[in-house]
Amino acid sequence: MLARMSRVVGLLFLLETKDLAALSGWVPPFFSDSPASRGVFLPPLRHRHKPRMIPRSKTNTPEEPTMKTSILASVGTCAILAAGAALIAPSSPHAQGAAPRYEFDASWNRPFPNRWINGGLGGLCVDANDHVLVLNRQDVNKPELAAGAMAPPMLEFDSAGNLVHSWGDPKLIDRRLHSCHYDKDGNVWIASAPSGMVQKYSHDGSKLLLTIGKKGVYDTADGTEKGKPLNSPTAAFHMPSSIFVDRGNGDVYIADGENDTSNSKIAVFDSSGNFVRQWSPEGYKSVHCMTMTNDGTVYVCNRRNGKIGVFDKMGKLQRSFDVPSTPVTAGVNDGGGSAVAIDFSRDREQRLMFVINQNNSRIEIMERGSGKVLSNFGRPGPYPGEFNQAHGLAIDSQGSIYVNENRGRRTQKFKLVGG
């Protein structure tokens, strides 16, 4: 708070001393130049506009400012006072029901070593140390490899954006990586879609600890990827899309249903990989994402229909929420689905949920209890704060949001700066 007040005082000093050249480069940090941001802003650029010099009348002395200078100073003072009020005013969503605010962190994205290049990104997850594991599908065009080398399938970054580890044996995993999950013991679970299996690895990927299902054998009528899905009540999969391990008893929840022509089941296994039970949410053509809250409630994404279903652990529907999307171009209603990935705020109650809405290329910030949309940020594009088929989303212990893109082939970090 003192730091914010000092910034406002400093700006008022610029006006008092009539340092208009310094003032002209200042932009309030809670505004963004981009129409992409409603819940996010970009850091201000220094000296983004060349200062415009105002000629001084020969009849005016330095102690007598021109009319233009006086008007500018008056308007600037009002603007800065308003800015100061906004900076100093409390903005806690817990106290006021406001949405949190985020800033794009440009320092997190750094060049790969060894001239590595990555393909589309399938998903990502955050461990207990706020390290981010990013899944590289390696689907690059061959001509790209003339200028670089293929990055490994699993890329681990620390919270500052440094690449600290990489791993993955293409002979063990399936090629189209989709999602990952760290359990309470720090082991990492990997799912690909299509695939007939889900795998559990040690944290560093050096040991394959468990495989549920069988590589190359799909839960379809003919056992192939193209076969008719069966939703069999057993340890078999077609397109596993999400994994969550119950922190209490170690049961493994697996969503098998990456798209509309795949299975659409939530299968539960014990910690040894034995089948326990499953359910198929009524009316769901796919179950593209699934996760569990601290209170043991299971959230499932109905991707194409734009809904999030809330279930108990036995599969009984408790309630459902709409994830609204409005086409920008008339007649185009499906840009990938409005409920693609989901995660929750890190407070104990997990008051907020964050949802990737591919239809509108943005992140929805919603109240978990009511499903009310509080705010959102993002738009289509290649620039900071914009998305090209956002696909994976995860939140660290500091509240920072990580979003990766399949077609955009990058991961962006957004720091929590307010609320």
# chains A, B, ... in the order shown; residues from 1 in each chain; ligands from 1

$ select_by_dssp --residues "region 148-305 of chain A" --states "strand (DSSP E)" --output "ChimeraX atom specification"
/A:149-150,154-157,163-167,177-182,188-192,197-201,208-213,240-245,252-256,265-269,275-279,290-292,298-302

$ closest_residue --among "A:Gly392, A:Gly257, A:Pro324, A:Gly248" --to "His181 (chain A)" --atoms "only C-alpha atoms"
A:Gly392

$ atom_distance --atom1 "CA of Gly408 (chain A)" --atom2 "CA of Pro380 (chain A)"
10.2 Å

$ closest_atom_pairs --of "region 240-352 of chain A" --to "region 122-137 of chain A" --cutoff "10 Å" --atoms "only C-alpha atoms" --output "Markdown table"
| residue | atom | partner | partner_atom | distance |
| --- | --- | --- | --- | --- |
| A:Ser241 | CA | A:Gly123 | CA | 9.7 |
| A:Ser242 | CA | A:Gly123 | CA | 9.6 |
| A:Ala341 | CA | A:Gly123 | CA | 9.1 |

$ residues_around --residues "Pro194 (chain A)" --least-positions-apart "4" --cutoff "10 Å" --atoms "only C-alpha atoms" --output "VMD selection string"
chain A and resid 174 to 178 216 218 224 to 226 237 to 241 256 to 259 262

$ write_last_selection --atoms "C-alpha atoms" --output "compact mmCIF listing (two decimals), in the first residue's frame"
# COMPACT_ATOMS: atom_id res chain seq x y z
CA ASP A 174 1.52 -42.08 -26.85
CA ARG A 175 2.17 -39.24 -29.26
CA ARG A 176 -0.75 -36.85 -28.73
CA LEU A 177 -0.19 -35.75 -25.14
CA HIS A 178 -3.31 -34.26 -23.59
CA GLY A 216 -2.22 -49.62 -28.48
CA TYR A 218 -8.47 -49.09 -27.36
CA THR A 224 -8.52 -49.71 -32.79
CA GLU A 225 -8.43 -45.95 -32.58
CA LYS A 226 -11.10 -45.60 -35.30
CA PHE A 237 -9.69 -46.26 -22.61
CA HIS A 238 -10.20 -44.59 -25.94
CA MET A 239 -9.27 -40.91 -25.50
CA PRO A 240 -8.36 -40.21 -21.85
CA SER A 241 -8.49 -36.47 -21.33
CA ASP A 256 -12.18 -40.74 -20.99
CA GLY A 257 -13.74 -38.58 -23.69
CA GLU A 258 -11.56 -36.06 -25.50
CA ASN A 259 -14.01 -35.44 -28.36
CA SER A 262 -14.91 -40.94 -28.21

$ atom_distance --atom1 "CA of Asn404 (chain A)" --atom2 "CA of Pro153 (chain A)"
14.4 Å

$ atom_distance --atom1 "CA of Arg410 (chain A)" --atom2 "CA of Glu386 (chain A)"
11.1 Å

$ residues_around --residues "Tyr253 (chain A)" --least-positions-apart "6" --cutoff "8 Å" --atoms "only C-alpha atoms" --output "ChimeraX atom specification"
/A:243-246,266-269

$ write_last_selection --atoms "C-alpha atoms" --output "PDB file, in the first residue's frame"
ATOM      1  CA  ILE A 243      -6.749 -37.259 -14.407  1.00  0.00           C
ATOM      2  CA  PHE A 244      -7.165 -36.439 -10.731  1.00  0.00           C
ATOM      3  CA  VAL A 245      -5.960 -38.466  -7.727  1.00  0.00           C
ATOM      4  CA  ASP A 246      -8.106 -38.155  -4.598  1.00  0.00           C
ATOM      5  CA  ILE A 266     -15.543 -40.944 -15.681  1.00  0.00           C
ATOM      6  CA  ALA A 267     -13.758 -44.089 -14.499  1.00  0.00           C
ATOM      7  CA  VAL A 268     -12.469 -44.578 -10.945  1.00  0.00           C
ATOM      8  CA  PHE A 269      -9.595 -46.872  -9.956  1.00  0.00           C
TER       9      PHE A 269
END

$ closest_residue --among "A:Ile356, A:Ile190, A:Leu155, A:Ala255" --to "Ala390 (chain A)" --atoms "only C-alpha atoms"
A:Ile356

$ closest_residue --among "A:Val403, A:Val252, A:Val164, A:Val287" --to "Leu121 (chain A)" --atoms "only C-alpha atoms"
A:Val403

$ closest_residue --among "A:Arg351, A:His165, A:Arg115, A:Arg303" --to "Lys372 (chain A)" --atoms "only C-alpha atoms"
A:Arg351

$ closest_residue --among "A:Pro170, A:Asn274, A:Lys415, A:Ile117" --to "Leu145 (chain A)" --atoms "only C-alpha atoms"
A:Ile117

$ closest_residue --among "A:Ala193, A:Met366, A:Gln278, A:Thr411" --to "Gly119 (chain A)" --atoms "only C-alpha atoms"
A:Thr411

$ residues_around --residues "Gln350 (chain A)" --least-positions-apart "6" --cutoff "10 Å" --atoms "only C-alpha atoms" --output "compact mmCIF listing (two decimals) with C-alpha atoms, in the first residue's frame"
# COMPACT_ATOMS: atom_id res chain seq x y z
CA THR A 293 -12.07 -29.61 -5.37
CA ASN A 294 -10.82 -29.70 -1.78
CA ASP A 295 -14.29 -30.72 -0.58
CA ASP A 343 -8.90 -25.02 -12.38
CA PHE A 344 -9.64 -23.30 -9.06
CA GLU A 367 -17.80 -18.02 -8.80
CA ARG A 368 -17.50 -21.71 -8.01
CA GLY A 369 -20.60 -21.80 -5.84

$ decode --residues "region 254-271 of chain A" --atoms "N, CA and C atoms" --output "PDB file, in the first residue's frame"
ATOM      1  N   ILE A 254     -10.385 -40.774 -13.831  1.00  0.00           N
ATOM      2  CA  ILE A 254      -9.927 -40.563 -15.199  1.00  0.00           C
ATOM      3  C   ILE A 254     -11.123 -40.252 -16.085  1.00  0.00           C
ATOM      4  N   ALA A 255     -11.059 -39.094 -16.760  1.00  0.00           N
ATOM      5  CA  ALA A 255     -12.077 -38.742 -17.754  1.00  0.00           C
ATOM      6  C   ALA A 255     -11.638 -39.309 -19.095  1.00  0.00           C
ATOM      7  N   ASP A 256     -12.483 -40.143 -19.690  1.00  0.00           N
ATOM      8  CA  ASP A 256     -12.177 -40.739 -20.993  1.00  0.00           C
ATOM      9  C   ASP A 256     -13.186 -40.211 -21.992  1.00  0.00           C
ATOM     10  N   GLY A 257     -12.801 -39.182 -22.749  1.00  0.00           N
ATOM     11  CA  GLY A 257     -13.742 -38.579 -23.687  1.00  0.00           C
ATOM     12  C   GLY A 257     -13.245 -37.265 -24.218  1.00  0.00           C
ATOM     13  N   GLU A 258     -12.173 -37.294 -25.014  1.00  0.00           N
ATOM     14  CA  GLU A 258     -11.560 -36.059 -25.505  1.00  0.00           C
ATOM     15  C   GLU A 258     -12.415 -35.347 -26.542  1.00  0.00           C
ATOM     16  N   ASN A 259     -13.167 -36.105 -27.358  1.00  0.00           N
ATOM     17  CA  ASN A 259     -14.008 -35.437 -28.359  1.00  0.00           C
ATOM     18  C   ASN A 259     -15.355 -36.133 -28.498  1.00  0.00           C
ATOM     19  N   ASP A 260     -16.162 -35.644 -29.441  1.00  0.00           N
ATOM     20  CA  ASP A 260     -17.554 -36.098 -29.552  1.00  0.00           C
ATOM     21  C   ASP A 260     -17.701 -37.506 -30.099  1.00  0.00           C
ATOM     22  N   THR A 261     -16.649 -38.085 -30.644  1.00  0.00           N
ATOM     23  CA  THR A 261     -16.715 -39.447 -31.202  1.00  0.00           C
ATOM     24  C   THR A 261     -15.970 -40.452 -30.337  1.00  0.00           C
ATOM     25  N   SER A 262     -15.643 -40.052 -29.108  1.00  0.00           N
ATOM     26  CA  SER A 262     -14.909 -40.939 -28.205  1.00  0.00           C
ATOM     27  C   SER A 262     -15.824 -41.437 -27.093  1.00  0.00           C
ATOM     28  N   ASN A 263     -15.255 -42.147 -26.131  1.00  0.00           N
ATOM     29  CA  ASN A 263     -15.995 -42.494 -24.925  1.00  0.00           C
ATOM     30  C   ASN A 263     -16.441 -41.219 -24.211  1.00  0.00           C
ATOM     31  N   SER A 264     -17.328 -41.366 -23.257  1.00  0.00           N
ATOM     32  CA  SER A 264     -17.755 -40.220 -22.435  1.00  0.00           C
ATOM     33  C   SER A 264     -18.025 -40.731 -21.022  1.00  0.00           C
ATOM     34  N   LYS A 265     -16.952 -41.169 -20.358  1.00  0.00           N
ATOM     35  CA  LYS A 265     -17.110 -41.772 -19.031  1.00  0.00           C
ATOM     36  C   LYS A 265     -16.089 -41.192 -18.052  1.00  0.00           C
ATOM     37  N   ILE A 266     -16.460 -41.229 -16.782  1.00  0.00           N
ATOM     38  CA  ILE A 266     -15.543 -40.944 -15.681  1.00  0.00           C
ATOM     39  C   ILE A 266     -15.308 -42.273 -14.977  1.00  0.00           C
ATOM     40  N   ALA A 267     -14.094 -42.793 -15.081  1.00  0.00           N
ATOM     41  CA  ALA A 267     -13.758 -44.089 -14.499  1.00  0.00           C
ATOM     42  C   ALA A 267     -12.903 -43.891 -13.252  1.00  0.00           C
ATOM     43  N   VAL A 268     -13.172 -44.695 -12.218  1.00  0.00           N
ATOM     44  CA  VAL A 268     -12.469 -44.578 -10.945  1.00  0.00           C
ATOM     45  C   VAL A 268     -11.723 -45.878 -10.670  1.00  0.00           C
ATOM     46  N   PHE A 269     -10.454 -45.728 -10.259  1.00  0.00           N
ATOM     47  CA  PHE A 269      -9.595 -46.872  -9.956  1.00  0.00           C
ATOM     48  C   PHE A 269      -8.977 -46.684  -8.581  1.00  0.00           C
ATOM     49  N   ASP A 270      -8.611 -47.780  -7.939  1.00  0.00           N
ATOM     50  CA  ASP A 270      -7.905 -47.634  -6.664  1.00  0.00           C
ATOM     51  C   ASP A 270      -6.440 -47.303  -6.942  1.00  0.00           C
ATOM     52  N   SER A 271      -5.655 -47.102  -5.882  1.00  0.00           N
ATOM     53  CA  SER A 271      -4.277 -46.647  -6.039  1.00  0.00           C
ATOM     54  C   SER A 271      -3.393 -47.671  -6.748  1.00  0.00           C
TER      55      SER A 271
END
